[in-house]
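First comes the structure, then the notes that go with it.
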Amino acid sequence: MKKNPFAARLAAFAGVLREKQLDAAVVFNQANVRSLTGIDCDNACLLVKADGTVVFHTDFRYVPMVHRVAPWLKVDDIKKVGGARPFRSGRAKLLKMGYESSVTHARFMQLEKAFPGATFADIDANVKELRAVKTADELAKLRAAEALNDAIWSEAQKKFKPGMTEKDMARVIQHLMIERGDGEAFETIVCVGKNAAECHHVPDDTVWNGREPVLVDMGVKLDGYCSDMTRNMVPARPSKLYKKVYGLVLEANRRAIAAAKPGMTAGALDKVARDFLTQEGFGKAFGHSLGHGVGIEIHEAPWAARKQKMVLRPGMSVTIEPGLYLEGNLGVRIEDLVLITETGCEVISHSAK
């Protein structure tokens, strides 16, 4: 039988349940389910018991797919945990249940019916912390997705022409992502000139004249995993202010990459870039966090933000994306995706910056 690549993560999750003195947990979030089983299914939940027993619940439409993708999983009817009828298998023993606080109130009421008499504790953050440390296979998929992102960015720049709008340029990238990958990991951001001062600007009909700077934040999805990168098309003759701001953002990016290593907190990593930009007099123009994890979803733990205490560990991914935004004038962000290693980090974004 095919080996279960998620066995260690499931075992660690069962250990969390024992530590929290829970009998079992029910996981509904699609990304969480995939991170524990490798199965992407829009009507499924996972029952994990503290003793390590795992049952994948879905409906008949997806049972053959589960058997093919994860033959090691026991499969049962999702109606048992959907509230259609009480959960009967070992019901009396499952009195302390873990659940995701992100579920809807209607779903929670279904769980109360499925597990009558049980008390519930939130385990959403626990699953997401386990997700933060990627398996070897997941790391390979992240590298492949980021490599494709690099290739698409290189090709897209050749297709950009003066007279194009931000929407036109975004469509170029989108089409390449559909042709060569699985589409966008998030809505591509293209900002011409002063529009880059809006850090999450929505591409509009602003026309690029070929001389203004352009900021592009893009990520392609490949084999279920996301990529993320921000690059700037710098004009041949940038203004003195743009040149200065770009240099500061690039230096903040490089300093954070050099500092990223296991054992430090995500908040400490944010502080490296933030302190540098603050001492240079631009701290107030850096309004967002330094970065975030990337995986099945474009935004995952760890969160490289002020006061975040999660400790970076080998196998985690995190973006390094300092940015400075001067409203009505300009904006610069430089973003790389790195993987935390045993001794530091591996930068997997290779486009020139």
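For the structure tokens, the naming scheme is as follows: chains receive sequential letters (A, B, ...) according to their order of presentation, residues are indexed from 1 within each chain, and ligands are indexed from 1 in presentation order.
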
Expected answer as a short mmCIF file (atom, residue, chain, number, x, y, z; two decimals) with C-alpha atoms, in the first residue's frame: helix (DSSP H, G or I) residues in segment 87-205 of chain A:
data_model
loop_
_atom_site.label_atom_id
_atom_site.label_comp_id
_atom_site.auth_asym_id
_atom_site.auth_seq_id
_atom_site.Cartn_x
_atom_site.Cartn_y
_atom_site.Cartn_z
CA ARG A 91 -20.41 7.95 20.77
CA ALA A 92 -20.24 7.56 24.55
CA LYS A 93 -16.45 7.95 24.55
CA HIS A 105 -22.93 28.55 13.68
CA ALA A 106 -25.15 26.20 11.68
CA ARG A 107 -22.28 23.72 11.38
CA PHE A 108 -21.59 23.94 15.10
CA MET A 109 -25.22 23.19 15.86
CA GLN A 110 -24.94 20.12 13.63
CA LEU A 111 -21.92 18.98 15.62
CA GLU A 112 -23.86 19.34 18.86
CA LYS A 113 -26.53 17.06 17.40
CA ALA A 114 -23.98 14.58 16.07
CA ASP A 124 -8.17 25.61 14.66
CA ALA A 125 -4.90 27.31 15.61
CA ASN A 126 -3.34 23.95 16.48
CA VAL A 127 -4.00 22.53 13.02
CA LYS A 128 -2.69 25.67 11.34
CA GLU A 129 0.50 25.58 13.40
CA LEU A 130 1.07 21.98 12.29
CA ARG A 131 0.40 23.06 8.69
CA ALA A 132 3.12 25.69 9.00
CA ALA A 136 9.35 17.29 2.04
CA ASP A 137 6.75 16.80 -0.70
CA GLU A 138 5.07 20.11 0.14
CA LEU A 139 8.41 21.93 0.05
CA ALA A 140 9.08 20.49 -3.39
CA LYS A 141 5.69 21.73 -4.58
CA LEU A 142 6.37 25.21 -3.21
CA ARG A 143 9.71 25.34 -5.02
CA ALA A 144 8.04 24.24 -8.27
CA ALA A 145 5.26 26.81 -7.93
CA GLU A 146 7.70 29.63 -7.20
CA ALA A 147 9.94 28.59 -10.10
CA LEU A 148 6.94 28.75 -12.43
CA ASN A 149 6.09 32.18 -11.00
CA ASP A 150 9.60 33.36 -11.87
CA ALA A 151 9.25 32.02 -15.41
CA ILE A 152 5.86 33.67 -15.92
CA TRP A 153 7.17 37.01 -14.66
CA SER A 154 10.08 36.83 -17.10
CA GLU A 155 7.76 36.09 -20.01
CA ALA A 156 5.13 38.64 -18.97
CA GLN A 157 7.59 41.54 -18.98
CA LYS A 158 8.36 40.85 -22.63
CA LYS A 159 4.67 41.19 -23.46
CA GLU A 166 -3.08 47.90 -15.56
CA LYS A 167 -5.93 45.54 -16.41
CA ASP A 168 -4.25 44.60 -19.71
CA MET A 169 -0.98 43.80 -17.92
CA ALA A 170 -2.77 41.78 -15.27
CA ARG A 171 -4.53 39.78 -17.98
CA VAL A 172 -1.19 38.92 -19.58
CA ILE A 173 -0.07 37.39 -16.30
CA GLN A 174 -3.40 35.69 -15.69
CA HIS A 175 -3.42 34.03 -19.11
CA LEU A 176 0.12 32.72 -18.63
CA MET A 177 -0.86 31.30 -15.24
CA ILE A 178 -3.82 29.47 -16.77
CA GLU A 179 -1.74 28.17 -19.67
CA ARG A 180 1.25 27.00 -17.62
CA GLY A 193 3.12 55.02 -10.98
CA LYS A 194 1.50 56.54 -7.90
CA ASN A 195 -1.09 53.75 -7.75
CA ALA A 196 1.63 51.65 -6.08
CA ALA A 197 1.11 53.76 -2.96
#

Open item on the list: I want to know what sits within 12 Å of Val347 of chain A, based on only C-alpha atoms, with residues of the same chain fewer than 2 positions away left out; could you give that as a PyMOL selection string?
Closed with: chain A and resi 142-143+146-147+229+253-254+256-258+260-261+317-320+335-341+344-345+349-351

Open item on the list: Residues of segment 202-273 of chain A classed as strand (DSSP E) by DSSP on the backbone are to be reported as a PyMOL selection string.
Closed with: chain A and resi 214-218+229-233

Open item on the list: List the spatial neighbours of Val69 of chain A as number ranges by chain - criterion: any atom at most 12 Å away, only C-alpha atoms, same-chain residues fewer than 6 positions off excluded.
Closed with: A: 1-5, 34, 37-41, 62-63

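Atom CA of Ile334 of chain A is positioned 10.4 Å from atom CA of Leu290 of chain A.
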
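Here atom CA of Ala118 of chain A stands at a distance of 10.4 Å from atom CA of Leu22 of chain A.
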
Open item on the list: One decimal, in Å: what's the spacing between atom CA of Ala273 of chain A and atom CA of Phe286 of chain A?
Closed with: 9.5 Å
